[in-house]
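Below is protein-v5.pdb, which holds PDB, C-alpha atoms.
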```pdb
ATOM      1  CA  MET A   1     -26.802-209.428 -81.832
ATOM      2  CA  THR A   2     -30.301-207.970 -82.171
ATOM      3  CA  THR A   3     -31.423-206.991 -85.666
ATOM      4  CA  THR A   4     -33.366-203.743 -85.959
ATOM      5  CA  PRO A   5     -36.791-204.461 -87.499
ATOM      6  CA  SER A   6     -37.592-202.777 -90.804
ATOM      7  CA  LEU A   7     -40.502-202.658 -93.225
ATOM      8  CA  ASP A   8     -40.408-204.596 -96.498
ATOM      9  CA  ASP A   9     -42.071-202.108 -98.839
ATOM     10  CA  ALA A  10     -42.627-204.535-101.717
ATOM     11  CA  ALA A  11     -44.277-207.146 -99.510
ATOM     12  CA  LEU A  12     -46.378-204.509 -97.781
ATOM     13  CA  ALA A  13     -47.565-203.038-101.062
ATOM     14  CA  GLU A  14     -48.684-206.494-102.207
ATOM     15  CA  ALA A  15     -50.498-207.155 -98.921
ATOM     16  CA  ALA A  16     -52.142-203.729 -99.011
ATOM     17  CA  GLU A  17     -53.386-204.374-102.525
ATOM     18  CA  GLU A  18     -54.898-207.740-101.544
ATOM     19  CA  ASP A  19     -57.890-206.332 -99.680
ATOM     20  CA  GLY A  20     -57.688-202.626-100.426
ATOM     21  CA  PHE A  21     -55.922-201.543 -97.242
ATOM     22  CA  SER A  22     -56.506-197.935 -96.274
ATOM     23  CA  GLY A  23     -54.642-196.609 -93.278
ATOM     24  CA  LEU A  24     -51.285-196.137 -91.639
ATOM     25  CA  ILE A  25     -48.459-198.497 -90.681
ATOM     26  CA  SER A  26     -46.151-197.151 -88.003
ATOM     27  CA  LEU A  27     -42.954-198.707 -86.676
ATOM     28  CA  ASP A  28     -41.517-196.947 -83.624
ATOM     29  CA  VAL A  29     -38.091-198.042 -82.421
ATOM     30  CA  PRO A  30     -36.453-196.157 -79.535
ATOM     31  CA  GLY A  31     -33.574-193.991 -80.696
ATOM     32  CA  GLN A  32     -34.777-193.903 -84.302
ATOM     33  CA  ASP A  33     -37.169-191.738 -86.249
ATOM     34  CA  PRO A  34     -40.566-193.414 -86.656
ATOM     35  CA  THR A  35     -41.105-195.276 -89.921
ATOM     36  CA  THR A  36     -44.551-194.868 -91.479
ATOM     37  CA  ARG A  37     -46.298-196.077 -94.613
ATOM     38  CA  ALA A  38     -49.694-194.764 -95.685
ATOM     39  CA  TYR A  39     -52.248-196.169 -98.126
ATOM     40  CA  GLY A  40     -55.533-194.676 -99.281
ATOM     41  CA  TYR A  41     -57.127-191.705 -97.560
ATOM     42  CA  ALA A  42     -58.348-190.738 -94.110
ATOM     43  CA  GLU A  43     -61.188-188.844 -95.836
ATOM     44  CA  ARG A  44     -61.853-190.053 -99.371
ATOM     45  CA  ALA A  45     -64.169-187.317-100.593
ATOM     46  CA  PHE A  46     -61.447-184.695-100.145
ATOM     47  CA  GLU A  47     -58.441-187.029-100.531
ATOM     48  CA  VAL A  48     -57.073-186.247 -97.063
ATOM     49  CA  PRO A  49     -53.898-188.297 -96.473
ATOM     50  CA  HIS A  50     -53.126-190.461 -93.460
ATOM     51  CA  THR A  51     -50.494-189.100 -91.037
ATOM     52  CA  ARG A  52     -49.077-189.957 -87.626
ATOM     53  CA  SER A  53     -51.424-187.384 -86.126
ATOM     54  CA  THR A  54     -54.559-188.878 -87.711
ATOM     55  CA  ARG A  55     -56.928-190.254 -85.091
ATOM     56  CA  TYR A  56     -58.300-193.747 -85.797
ATOM     57  CA  ALA A  57     -61.036-195.752 -84.130
ATOM     58  CA  LEU A  58     -59.558-198.795 -82.372
ATOM     59  CA  ALA A  59     -62.726-200.937 -82.185
ATOM     60  CA  SER A  60     -62.094-203.679 -79.590
ATOM     61  CA  GLY A  61     -58.640-202.277 -78.950
ATOM     62  CA  GLY A  62     -60.549-200.052 -76.562
ATOM     63  CA  LYS A  63     -61.179-203.031 -74.263
ATOM     64  CA  THR A  64     -57.669-202.565 -72.878
ATOM     65  CA  PHE A  65     -58.599-199.027 -71.829
ATOM     66  CA  THR A  66     -61.762-200.392 -70.197
ATOM     67  CA  ALA A  67     -59.712-202.979 -68.326
ATOM     68  CA  LEU A  68     -57.369-200.284 -67.072
ATOM     69  CA  ALA A  69     -60.312-198.171 -65.920
ATOM     70  CA  VAL A  70     -61.506-201.146 -63.870
ATOM     71  CA  LEU A  71     -58.026-201.614 -62.416
ATOM     72  CA  ARG A  72     -57.880-197.936 -61.478
ATOM     73  CA  LEU A  73     -61.047-198.431 -59.419
ATOM     74  CA  VAL A  74     -59.325-201.362 -57.725
ATOM     75  CA  GLU A  75     -56.319-199.177 -56.892
ATOM     76  CA  GLN A  76     -58.649-196.521 -55.516
ATOM     77  CA  GLY A  77     -60.252-199.079 -53.219
ATOM     78  CA  ARG A  78     -63.690-198.758 -54.814
ATOM     79  CA  LEU A  79     -63.809-202.243 -56.357
ATOM     80  CA  ARG A  80     -62.637-205.781 -55.686
ATOM     81  CA  LEU A  81     -61.977-208.094 -58.613
ATOM     82  CA  ASP A  82     -63.356-211.128 -56.771
ATOM     83  CA  GLU A  83     -66.581-209.468 -55.614
ATOM     84  CA  PRO A  84     -69.709-210.259 -57.693
ATOM     85  CA  VAL A  85     -70.915-207.393 -59.867
ATOM     86  CA  ARG A  86     -74.497-208.086 -58.800
ATOM     87  CA  GLY A  87     -73.999-205.586 -55.989
ATOM     88  CA  VAL A  88     -73.440-202.861 -58.587
ATOM     89  CA  LEU A  89     -76.051-204.068 -61.080
ATOM     90  CA  GLY A  90     -78.807-204.363 -58.506
ATOM     91  CA  GLY A  91     -81.963-205.518 -60.284
ATOM     92  CA  ASP A  92     -80.616-204.750 -63.756
ATOM     93  CA  LEU A  93     -79.627-207.572 -66.135
ATOM     94  CA  PRO A  94     -81.165-210.368 -64.032
ATOM     95  CA  LEU A  95     -79.928-213.081 -66.436
ATOM     96  CA  VAL A  96     -76.308-212.346 -65.474
ATOM     97  CA  ASP A  97     -75.263-215.042 -63.004
ATOM     98  CA  ASP A  98     -74.992-213.704 -59.449
ATOM     99  CA  ALA A  99     -71.489-215.223 -59.183
ATOM    100  CA  VAL A 100     -70.003-213.180 -62.068
ATOM    101  CA  THR A 101     -67.096-211.009 -60.904
ATOM    102  CA  PRO A 102     -65.091-208.238 -62.597
ATOM    103  CA  LEU A 103     -62.229-210.712 -63.071
ATOM    104  CA  HIS A 104     -64.543-213.089 -64.954
ATOM    105  CA  LEU A 105     -65.579-210.216 -67.229
ATOM    106  CA  LEU A 106     -62.006-209.019 -67.779
ATOM    107  CA  THR A 107     -60.815-212.490 -68.757
ATOM    108  CA  HIS A 108     -63.838-213.409 -70.931
ATOM    109  CA  THR A 109     -64.777-216.249 -68.605
ATOM    110  CA  SER A 110     -68.063-214.829 -67.269
ATOM    111  CA  GLY A 111     -70.296-217.047 -69.408
ATOM    112  CA  ILE A 112     -72.904-214.308 -69.814
ATOM    113  CA  GLY A 113     -74.929-214.189 -73.023
ATOM    114  CA  ASP A 114     -73.431-211.765 -75.537
ATOM    115  CA  TYR A 115     -75.453-209.135 -77.370
ATOM    116  CA  LEU A 116     -72.805-209.202 -80.111
ATOM    117  CA  ASP A 117     -71.732-212.823 -80.349
ATOM    118  CA  GLU A 118     -68.839-212.944 -82.815
ATOM    119  CA  SER A 119     -69.278-216.683 -83.317
ATOM    120  CA  ALA A 120     -72.877-216.275 -84.531
ATOM    121  CA  GLY A 121     -72.016-215.752 -88.192
ATOM    122  CA  TRP A 122     -72.839-212.081 -88.707
ATOM    123  CA  GLU A 123     -70.855-209.945 -91.119
ATOM    124  CA  VAL A 124     -68.833-206.984 -89.929
ATOM    125  CA  ASP A 125     -70.927-204.497 -91.930
ATOM    126  CA  ASP A 126     -74.311-205.853 -90.790
ATOM    127  CA  TYR A 127     -76.666-203.559 -88.891
ATOM    128  CA  VAL A 128     -76.380-205.418 -85.585
ATOM    129  CA  LEU A 129     -77.648-202.963 -82.984
ATOM    130  CA  PRO A 130     -81.305-203.379 -81.944
ATOM    131  CA  VAL A 131     -81.777-199.731 -80.925
ATOM    132  CA  PRO A 132     -81.093-196.474 -82.811
ATOM    133  CA  VAL A 133     -77.345-195.892 -82.722
ATOM    134  CA  HIS A 134     -77.741-192.218 -81.801
ATOM    135  CA  THR A 135     -79.195-193.213 -78.411
ATOM    136  CA  LEU A 136     -76.049-195.078 -77.344
ATOM    137  CA  VAL A 137     -74.142-192.233 -75.760
ATOM    138  CA  ASP A 138     -74.272-193.043 -72.054
ATOM    139  CA  THR A 139     -73.458-196.545 -70.776
ATOM    140  CA  GLU A 140     -76.840-196.806 -69.049
ATOM    141  CA  ALA A 141     -78.442-196.600 -72.516
ATOM    142  CA  PHE A 142     -76.984-200.052 -73.276
ATOM    143  CA  LEU A 143     -79.177-201.796 -70.709
ATOM    144  CA  PRO A 144     -81.940-202.608 -73.257
ATOM    145  CA  VAL A 145     -79.238-203.890 -75.629
ATOM    146  CA  LEU A 146     -77.717-206.210 -73.006
ATOM    147  CA  GLU A 147     -80.984-207.572 -71.624
ATOM    148  CA  GLY A 148     -82.532-210.911 -72.562
ATOM    149  CA  TYR A 149     -79.425-213.040 -73.162
ATOM    150  CA  PRO A 150     -79.352-216.140 -70.910
ATOM    151  CA  GLN A 151     -76.199-217.291 -69.177
ATOM    152  CA  VAL A 152     -74.282-219.629 -71.526
ATOM    153  CA  PHE A 153     -72.038-221.388 -69.002
ATOM    154  CA  ALA A 154     -71.074-221.149 -65.338
ATOM    155  CA  PRO A 155     -68.693-218.295 -64.464
ATOM    156  CA  GLY A 156     -65.066-219.379 -64.692
ATOM    157  CA  GLU A 157     -65.769-222.539 -66.669
ATOM    158  CA  ARG A 158     -63.957-221.542 -69.867
ATOM    159  CA  PHE A 159     -62.900-218.696 -72.177
ATOM    160  CA  ALA A 160     -65.470-217.222 -74.576
ATOM    161  CA  TYR A 161     -64.874-213.774 -76.044
ATOM    162  CA  CYS A 162     -67.700-211.513 -74.906
ATOM    163  CA  ASN A 163     -68.345-207.953 -76.033
ATOM    164  CA  GLY A 164     -71.273-207.516 -73.682
ATOM    165  CA  GLY A 165     -69.094-208.335 -70.703
ATOM    166  CA  TYR A 166     -67.026-205.236 -71.335
ATOM    167  CA  VAL A 167     -70.115-203.058 -71.523
ATOM    168  CA  VAL A 168     -71.093-204.484 -68.124
ATOM    169  CA  LEU A 169     -67.628-203.473 -66.899
ATOM    170  CA  ALA A 170     -68.215-199.969 -68.246
ATOM    171  CA  LEU A 171     -71.473-199.869 -66.313
ATOM    172  CA  VAL A 172     -69.605-200.887 -63.165
ATOM    173  CA  VAL A 173     -67.002-198.150 -63.777
ATOM    174  CA  GLN A 174     -69.653-195.503 -64.352
ATOM    175  CA  ARG A 175     -71.747-196.386 -61.308
ATOM    176  CA  LEU A 176     -68.829-196.703 -58.892
ATOM    177  CA  SER A 177     -66.937-193.646 -60.145
ATOM    178  CA  GLY A 178     -69.988-191.409 -60.202
ATOM    179  CA  GLN A 179     -69.054-189.976 -63.580
ATOM    180  CA  GLY A 180     -69.489-190.916 -67.215
ATOM    181  CA  PHE A 181     -67.513-193.976 -68.302
ATOM    182  CA  GLN A 182     -65.849-192.157 -71.200
ATOM    183  CA  ARG A 183     -64.746-189.280 -68.996
ATOM    184  CA  PHE A 184     -63.312-191.655 -66.393
ATOM    185  CA  VAL A 185     -61.259-193.454 -69.053
ATOM    186  CA  GLU A 186     -59.993-190.193 -70.512
ATOM    187  CA  GLU A 187     -58.958-188.872 -67.096
ATOM    188  CA  GLU A 188     -57.781-191.988 -65.262
ATOM    189  CA  VAL A 189     -56.202-193.906 -68.156
ATOM    190  CA  CYS A 190     -55.409-191.557 -71.037
ATOM    191  CA  GLY A 191     -54.557-188.642 -68.737
ATOM    192  CA  ARG A 192     -52.252-190.675 -66.521
ATOM    193  CA  ALA A 193     -50.506-192.045 -69.617
ATOM    194  CA  GLY A 194     -50.030-188.545 -71.037
ATOM    195  CA  LEU A 195     -52.014-189.231 -74.202
ATOM    196  CA  ARG A 196     -53.018-185.999 -75.888
ATOM    197  CA  SER A 197     -54.995-187.322 -78.847
ATOM    198  CA  THR A 198     -56.745-190.394 -77.426
ATOM    199  CA  GLY A 199     -60.386-190.339 -76.386
ATOM    200  CA  PHE A 200     -63.969-190.917 -77.397
ATOM    201  CA  LEU A 201     -65.283-189.073 -80.465
ATOM    202  CA  ARG A 202     -68.869-188.980 -81.682
ATOM    203  CA  GLY A 203     -69.154-190.767 -85.005
ATOM    204  CA  ASP A 204     -71.612-188.209 -86.350
ATOM    205  CA  GLU A 205     -69.340-185.202 -85.732
ATOM    206  CA  LEU A 206     -65.788-186.365 -86.302
ATOM    207  CA  PRO A 207     -63.143-183.611 -86.273
ATOM    208  CA  ALA A 208     -60.918-182.913 -89.250
ATOM    209  CA  ASP A 209     -58.021-185.017 -87.921
ATOM    210  CA  ALA A 210     -60.087-188.202 -87.459
ATOM    211  CA  ALA A 211     -60.209-190.900 -90.144
ATOM    212  CA  ARG A 212     -63.660-191.785 -91.447
ATOM    213  CA  GLY A 213     -64.446-195.488 -91.247
ATOM    214  CA  TYR A 214     -65.412-196.929 -94.657
ATOM    215  CA  LEU A 215     -67.370-200.118 -95.161
ATOM    216  CA  ASP A 216     -65.621-201.138 -98.381
ATOM    217  CA  ALA A 217     -62.301-200.802-100.158
ATOM    218  CA  THR A 218     -63.859-198.200-102.461
ATOM    219  CA  GLY A 219     -66.754-195.789-102.174
ATOM    220  CA  LEU A 220     -67.850-193.154 -99.680
ATOM    221  CA  ARG A 221     -70.234-195.082 -97.418
ATOM    222  CA  THR A 222     -69.088-194.802 -93.820
ATOM    223  CA  ASN A 223     -69.844-196.753 -90.646
ATOM    224  CA  VAL A 224     -71.842-194.019 -88.922
ATOM    225  CA  LEU A 225     -75.087-196.075 -88.959
ATOM    226  CA  HIS A 226     -73.423-199.322 -87.868
ATOM    227  CA  LEU A 227     -71.811-198.412 -84.542
ATOM    228  CA  PRO A 228     -72.833-196.651 -81.322
ATOM    229  CA  VAL A 229     -72.537-192.938 -81.918
ATOM    230  CA  LEU A 230     -70.048-192.836 -79.030
ATOM    231  CA  GLY A 231     -67.731-195.687 -78.126
ATOM    232  CA  ASN A 232     -68.194-197.523 -74.860
ATOM    233  CA  GLY A 233     -66.748-200.383 -72.810
ATOM    234  CA  ASP A 234     -66.405-202.895 -75.619
ATOM    235  CA  GLY A 235     -64.675-200.536 -78.031
ATOM    236  CA  GLY A 236     -64.708-197.328 -80.004
ATOM    237  CA  ILE A 237     -62.011-195.134 -78.504
ATOM    238  CA  PHE A 238     -59.859-193.149 -80.989
ATOM    239  CA  SER A 239     -56.063-192.809 -80.927
ATOM    240  CA  THR A 240     -53.037-192.018 -83.077
ATOM    241  CA  ALA A 241     -49.883-193.916 -83.986
ATOM    242  CA  SER A 242     -47.862-191.590 -81.768
ATOM    243  CA  ASP A 243     -50.171-191.957 -78.783
ATOM    244  CA  LEU A 244     -50.209-195.743 -79.070
ATOM    245  CA  HIS A 245     -46.435-195.890 -78.836
ATOM    246  CA  ASP A 246     -46.517-193.527 -75.859
ATOM    247  CA  PHE A 247     -49.295-195.586 -74.260
ATOM    248  CA  TRP A 248     -47.242-198.781 -74.226
ATOM    249  CA  GLY A 249     -44.311-196.984 -72.653
ATOM    250  CA  ALA A 250     -46.447-195.326 -69.995
ATOM    251  CA  LEU A 251     -48.202-198.585 -69.196
ATOM    252  CA  LEU A 252     -44.973-200.516 -68.647
ATOM    253  CA  GLN A 253     -43.465-197.666 -66.634
ATOM    254  CA  GLY A 254     -46.313-198.015 -64.140
ATOM    255  CA  ARG A 255     -47.840-194.626 -64.848
ATOM    256  CA  VAL A 256     -51.376-196.002 -65.331
ATOM    257  CA  VAL A 257     -51.542-198.792 -62.728
ATOM    258  CA  GLY A 258     -48.996-200.188 -60.296
ATOM    259  CA  PRO A 259     -46.852-203.330 -60.681
ATOM    260  CA  GLN A 260     -49.283-205.832 -59.144
ATOM    261  CA  LEU A 261     -52.211-204.870 -61.363
ATOM    262  CA  LEU A 262     -49.963-204.474 -64.390
ATOM    263  CA  GLU A 263     -48.885-208.082 -63.881
ATOM    264  CA  LEU A 264     -52.526-209.160 -63.718
ATOM    265  CA  LEU A 265     -53.273-207.290 -66.942
ATOM    266  CA  THR A 266     -50.361-208.856 -68.844
ATOM    267  CA  THR A 267     -50.113-212.427 -67.491
ATOM    268  CA  PRO A 268     -51.351-214.990 -70.064
ATOM    269  CA  ARG A 269     -54.376-217.025 -68.992
ATOM    270  CA  HIS A 270     -55.829-218.601 -72.133
ATOM    271  CA  ASP A 271     -54.586-219.795 -75.495
ATOM    272  CA  VAL A 272     -57.003-218.659 -78.213
ATOM    273  CA  PRO A 273     -56.091-220.614 -81.372
ATOM    274  CA  ASP A 274     -58.841-219.018 -83.470
ATOM    275  CA  GLU A 275     -57.112-215.668 -82.974
ATOM    276  CA  GLY A 276     -53.568-217.012 -83.090
ATOM    277  CA  LEU A 277     -53.002-215.214 -79.770
ATOM    278  CA  ARG A 278     -53.164-215.638 -76.007
ATOM    279  CA  HIS A 279     -55.374-213.577 -73.735
ATOM    280  CA  ALA A 280     -54.568-212.126 -70.335
ATOM    281  CA  ALA A 281     -57.067-209.811 -68.612
ATOM    282  CA  GLY A 282     -58.084-207.169 -71.118
ATOM    283  CA  LEU A 283     -54.984-207.532 -73.234
ATOM    284  CA  TRP A 284     -53.905-209.934 -75.980
ATOM    285  CA  LEU A 285     -50.447-211.488 -76.143
ATOM    286  CA  HIS A 286     -48.460-212.996 -78.996
ATOM    287  CA  ALA A 287     -49.027-216.750 -79.251
ATOM    288  CA  THR A 288     -45.483-217.681 -78.230
ATOM    289  CA  GLU A 289     -43.443-214.530 -77.617
ATOM    290  CA  PRO A 290     -43.593-211.938 -74.786
ATOM    291  CA  LEU A 291     -45.209-209.320 -77.024
ATOM    292  CA  LEU A 292     -48.237-207.250 -75.963
ATOM    293  CA  VAL A 293     -51.095-206.846 -78.439
ATOM    294  CA  MET A 294     -54.199-204.709 -78.828
ATOM    295  CA  GLU A 295     -56.449-205.388 -81.789
ATOM    296  CA  GLY A 296     -59.906-204.638 -83.081
ATOM    297  CA  CYS A 297     -62.193-205.124 -86.042
ATOM    298  CA  ASP A 298     -65.510-203.443 -86.679
ATOM    299  CA  ALA A 299     -67.471-201.830 -89.462
ATOM    300  CA  GLY A 300     -64.960-199.405 -90.950
ATOM    301  CA  VAL A 301     -62.155-200.350 -88.540
ATOM    302  CA  SER A 302     -59.302-202.889 -88.641
ATOM    303  CA  PHE A 303     -56.471-202.407 -86.174
ATOM    304  CA  ARG A 304     -53.573-204.006 -84.336
ATOM    305  CA  SER A 305     -50.796-202.571 -82.191
ATOM    306  CA  THR A 306     -47.962-204.810 -81.013
ATOM    307  CA  HIS A 307     -45.324-203.824 -78.470
ATOM    308  CA  ASP A 308     -42.082-205.493 -77.479
ATOM    309  CA  PRO A 309     -41.325-204.710 -73.810
ATOM    310  CA  ALA A 310     -37.724-205.887 -74.235
ATOM    311  CA  THR A 311     -36.799-203.383 -76.950
ATOM    312  CA  GLY A 312     -39.515-200.749 -76.539
ATOM    313  CA  ALA A 313     -40.495-201.120 -80.200
ATOM    314  CA  THR A 314     -44.107-200.646 -81.297
ATOM    315  CA  LEU A 315     -45.685-201.757 -84.569
ATOM    316  CA  SER A 316     -49.175-200.400 -85.251
ATOM    317  CA  VAL A 317     -51.494-200.963 -88.200
ATOM    318  CA  LEU A 318     -54.405-198.517 -88.130
ATOM    319  CA  GLY A 319     -56.998-199.153 -90.821
ATOM    320  CA  ASN A 320     -60.159-197.260 -91.707
ATOM    321  CA  THR A 321     -61.905-200.072 -93.580
ATOM    322  CA  SER A 322     -63.639-203.134 -92.168
ATOM    323  CA  THR A 323     -61.149-205.845 -93.121
ATOM    324  CA  GLY A 324     -58.435-204.198 -95.198
ATOM    325  CA  ALA A 325     -55.761-204.296 -92.525
ATOM    326  CA  TRP A 326     -55.702-208.058 -92.043
ATOM    327  CA  PRO A 327     -53.452-209.019 -94.994
ATOM    328  CA  VAL A 328     -51.035-206.291 -93.858
ATOM    329  CA  ILE A 329     -51.213-207.473 -90.245
ATOM    330  CA  GLY A 330     -50.521-211.002 -91.461
ATOM    331  CA  GLU A 331     -47.486-209.827 -93.420
ATOM    332  CA  LEU A 332     -46.133-208.038 -90.351
ATOM    333  CA  ALA A 333     -47.134-210.638 -87.758
ATOM    334  CA  ASP A 334     -43.600-211.691 -86.847
ATOM    335  CA  LEU A 335     -41.695-208.482 -87.560
ATOM    336  CA  LEU A 336     -40.949-207.730 -83.913
ATOM    337  CA  VAL A 337     -40.227-211.406 -83.260
ATOM    338  CA  ALA A 338     -37.598-211.365 -86.019
ATOM    339  CA  GLY A 339     -36.139-208.177 -84.595
TER     340      GLY A 339
END
```

Please, can you express the file's structure as structure tokens?
Amino acid sequence: MTTTPSLDDAALAEAAEEDGFSGLISLDVPGQDPTTRAYGYAERAFEVPHTRSTRYALASGGKTFTALAVLRLVEQGRLRLDEPVRGVLGGDLPLVDDAVTPLHLLTHTSGIGDYLDESAGWEVDDYVLPVPVHTLVDTEAFLPVLEGYPQVFAPGERFAYCNGGYVVLALVVQRLSGQGFQRFVEEEVCGRAGLRSTGFLRGDELPADAARGYLDATGLRTNVLHLPVLGNGDGGIFSTASDLHDFWGALLQGRVVGPQLLELLTTPRHDVPDEGLRHAAGLWLHATEPLLVMEGCDAGVSFRSTHDPATGATLSVLGNTSTGAWPVIGELADLLVAG
């Protein structure tokens, strides 16, 4: 007999207190009303509460949307996953190995040098971008950011998480589609999934229903000077708790990509002990169970959404501080497993 998962309020309150969690916890179980718990504020200066309709930045959770944009190009016959991206890059980014393919980039096995190497010891609230953040609107503007990083290992040799690889994928999407990367994602991924509140928002003109990203557990300093002003291939899309639940359902129903490419997206390829997860091709998976995972961490963002294909249940933690969500995510790590 399957036990319906439920939230332990006392344990969650303790975990939320540990690192000053600000954000929303949402548990969606088919046939039941959604369960939500909110902590802190979406906008501190005016004490605006978190709700299921609040839009949150997903940081690297957006890589799944990038992967799906790439797979849509494959379905449209504009791209092959085994064809080197050099044909699209032309003379740009000459240090990228000529053998690198979209599949290498999707699976973090390209070996290209990363402009934002997460193993290099930087802190999440460091000013890491080498160009003014307001210039990073179009994907082509990232070329100076991506240049100058030598190949680290031969394509396909091993797994190494690479943010820059997903910006290269965004460049491929933009050049082959003939339209802006963000627009292509919103039309070909979000639109096909029926998501009404998911898309790219400028960090310097957030609408009233979007959570501000705060650097610390207290205070009013936001992340607007730390991130590209508009999200791109390696992260930065915004979504809501409701849309995330709908996204998982639409994805598994084949409304975004067909069965063959969905299998490629969700089939585990690498164990990643440092993350306590497995990786497929643009999507994380639970370390041992058949659960699908999106997660992200950035200045002013800490996020994870977990979905159980067997039950249709979704558990999302959407945080608007840099690290505050992780104790909560840890507390909830096996909730869907237990269910």

Quick one: apply the PyMOL selection byres ((chain A and resi 229) around 12) to the file and drop the selected residues here as a VMD selection string. chain A and resid 129 131 to 139 141 200 to 206 223 to 228 230 to 232 235 to 237

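Distance annotation: of A:Asn163, A:Ala241, A:Leu176, A:Pro30, the residue with the minimal separation from Ser119 in chain A is A:Asn163; atom set is only C-alpha atoms.
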
Which one is closest to Thr64 in chain A: A:Ala287, A:Ala99, A:Leu265, A:Ala310? Count all atoms listed in the file. A:Leu265

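With all atoms listed in the file as the atoms that count, the residue of A:Leu79, A:Ala120, A:Ala210, A:Ala299 with the shortest distance to Ala42 in chain A is A:Ala210.
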
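Taking CA of Leu195 in chain A as the reference point, CA of Trp248 in chain A is found at 10.7 Å.
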
Between A:Thr107, A:Thr267, A:Val29, A:Glu157, which one has atoms that come closest to Leu81 in chain A, using all atoms listed in the file? A:Thr107

Excluding Asp82 in chain A and residues on its chain fewer than 4 positions from it, collect all residues at most 7 Å away from it, counting all atoms listed in the file, and give them as a list of chain:residue names. A:Thr101, A:Pro102, A:Leu103

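Of note, CA of Val167 in chain A and CA of His108 in chain A are spaced 12.1 Å apart.
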
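Across the structure, CA of Gly156 in chain A and CA of Ser110 in chain A are spaced 6.0 Å apart.
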
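Once the PyMOL selection byres ((chain A and resi 9-20) around 9) is applied to this file, the selection holds A:Leu7, A:Asp8, A:Phe21, A:Ser22, A:Arg37, A:Tyr39, A:Gly40, A:Asp216, A:Ala217, A:Thr218, A:Thr321, A:Thr323, A:Gly324, A:Ala325, A:Trp326, A:Pro327, A:Val328, A:Ile329, A:Gly330, A:Glu331, A:Leu332.
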
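Once only C-alpha atoms are considered, the residues situated within 8 Å of the file point (-50.6, -199.7, -90.1) turn out to be Gly23, Leu24, Ile25, Ser26, Thr36, Arg37, Ala38, Phe303, Arg304, Leu315, Ser316, Val317, Leu318, Gly319, Ala325, Val328 and Ile329 of chain A.
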
Dump of C-alpha atoms for the selected residues, as a compact mmCIF listing (two decimals), keeping the file's coordinate frame:
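File written: result.txt
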```
# COMPACT_ATOMS: atom_id res chain seq x y z
CA GLY A 23 -54.64 -196.61 -93.28
CA LEU A 24 -51.28 -196.14 -91.64
CA ILE A 25 -48.46 -198.50 -90.68
CA SER A 26 -46.15 -197.15 -88.00
CA THR A 36 -44.55 -194.87 -91.48
CA ARG A 37 -46.30 -196.08 -94.61
CA ALA A 38 -49.69 -194.76 -95.68
CA PHE A 303 -56.47 -202.41 -86.17
CA ARG A 304 -53.57 -204.01 -84.34
CA LEU A 315 -45.68 -201.76 -84.57
CA SER A 316 -49.18 -200.40 -85.25
CA VAL A 317 -51.49 -200.96 -88.20
CA LEU A 318 -54.40 -198.52 -88.13
CA GLY A 319 -57.00 -199.15 -90.82
CA ALA A 325 -55.76 -204.30 -92.52
CA VAL A 328 -51.04 -206.29 -93.86
CA ILE A 329 -51.21 -207.47 -90.24
```
